[in-house]
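K.L.:
Take this structure first; my questions come after.
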Amino acid sequence: MQIAIDFEQTYPPTFIAEDLTEMRFNALQRDGSIQQILVKISKHPDPLLPDVYNLGFGPPASNGGFKDNVSLHHSNINKVFSTVLFLALAFLDSNNGFTIGIDGSNDLRARLYHRMFKHNRAYFNEFFLAIGVDWYVRIFRNGQYEAHEDGTPYAKPRPELFDYERENRDLYRYYMFKLK
């Protein structure tokens, strides 16, 4: 499945927060039903990724969040993703210097994001600088791994310009973009 992003083809919001960190819209499903989608932008918890905000979306959950593990059958997935990313564009435009990140909750979704970045390269380049992030654990010369106080490995993010030649099976752990 290829997703084509087009900011001229978006669903109208039914709600949008003044600070642009939350939006709701209704997305038509293949069976003719309407599914409300909640989009949230929140500070990334990793202190090594300052000024990065995570973008997530899905049907609203009872706890105020969203369900990101639900399989929906959108009648126009391009319009859904264009709507979600348009909020990110507006957020970045209002918050100079910030970066948006998206995390596939599983390999299938990460592959979808990876392919979306690659397929929309020319369109994205009009607005965004695309970044891929892998995590690494430093190995010292003595063979020991850098670790937290509790002994667990200390993984650090390693952002790089998105490699459009990178194979779809060689996924980044996290996908980010910021304004050009």
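Every chain in the structure tokens takes a letter, A first, then B, and so on in the order presented; its residues are numbered from 1, and the ligands are numbered from 1 following the presented order.
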Please identify all polymer residues within 10 Å of Phe124 (chain A), counting only C-alpha atoms, omitting same-chain residues fewer than 3 positions from it, and present them as a list in words.
P.N.:
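Neighbouring residues, sequence-local ones excluded: Ile5, Asp6, Met116, Phe117, Lys118, His119, Asn120, Arg121, Phe127, Phe128, Leu129, Ala130, Phe177, Leu179 and Lys180 of chain A.
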K.L.:
Residues of region 3-152 of chain A in helix (DSSP H, G or I) according to DSSP, as a ChimeraX atom specification?
P.N.:
/A:77-94,107-119,121-127
K.L.:
Applying 8 Å and only C-alpha atoms, which residues near Pro159 (chain A) remain after dropping the ones on its own chain fewer than 6 positions away? List them as a list in words.
P.N.:
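Result of the neighbour search: Ile131, Gly132, Val133 and Asp134 of chain A.
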K.L.:
So which bits of region 74-179 of chain A end up strand (DSSP E) when you DSSP the backbone, as a list in words?
P.N.:
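So, restricting region 74-179 of chain A to strand (DSSP E), we get Thr99, Ile100, Gly101, Ile102, Phe128, Leu129, Ala130, Ile131, Gly132, Val133, Asp134, Trp135, Tyr136, Val137, Ala155, Lys156, Pro157, Arg158, Pro159, Glu160, Leu161, Tyr174, Tyr175, Met176, Phe177, Lys178 and Leu179 of chain A.
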K.L.:
Keeping C-alpha atoms for every residue in the selection just given, could you write it to a file as a compact mmCIF listing (two decimals), in the first residue's frame?
P.N.:
# COMPACT_ATOMS: atom_id res chain seq x y z
CA THR A 99 10.71 18.28 15.28
CA ILE A 100 7.85 15.79 14.86
CA GLY A 101 8.43 12.07 15.30
CA ILE A 102 6.29 9.06 14.45
CA PHE A 128 10.12 19.02 5.53
CA LEU A 129 13.56 17.70 6.22
CA ALA A 130 13.10 13.93 6.77
CA ILE A 131 15.13 12.16 9.45
CA GLY A 132 15.49 8.51 10.38
CA VAL A 133 16.55 7.44 13.85
CA ASP A 134 18.27 4.27 14.93
CA TRP A 135 19.31 3.55 18.51
CA TYR A 136 22.70 2.23 19.49
CA VAL A 137 24.38 0.91 22.61
CA ALA A 155 20.46 2.90 24.16
CA LYS A 156 20.97 6.33 22.60
CA PRO A 157 19.23 7.76 19.54
CA ARG A 158 21.28 8.37 16.40
CA PRO A 159 19.34 10.65 14.04
CA GLU A 160 20.45 10.90 10.41
CA LEU A 161 19.05 12.38 7.23
CA TYR A 174 11.75 6.17 14.65
CA TYR A 175 10.82 8.59 11.86
CA MET A 176 11.09 12.35 12.25
CA PHE A 177 10.63 15.49 10.20
CA LYS A 178 11.06 19.20 10.74
CA LEU A 179 10.46 22.29 8.66
K.L.:
Give the answer as one residue: which of A:Leu20, A:Arg138, A:Ile34, A:Asp46 has the shortest atom-to-atom distance to His74 (chain A), using only C-alpha atoms?
P.N.:
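Among the listed residues, the smallest separation from His74 (chain A) belongs to A:Ile34.
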K.L.:
Record the distance separating CA of Tyr11 (chain A) and CA of His114 (chain A), expressed in Å with one decimal.
P.N.:
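Computed distance, CA of Tyr11 (chain A) to CA of His114 (chain A), equals 23.2 Å.
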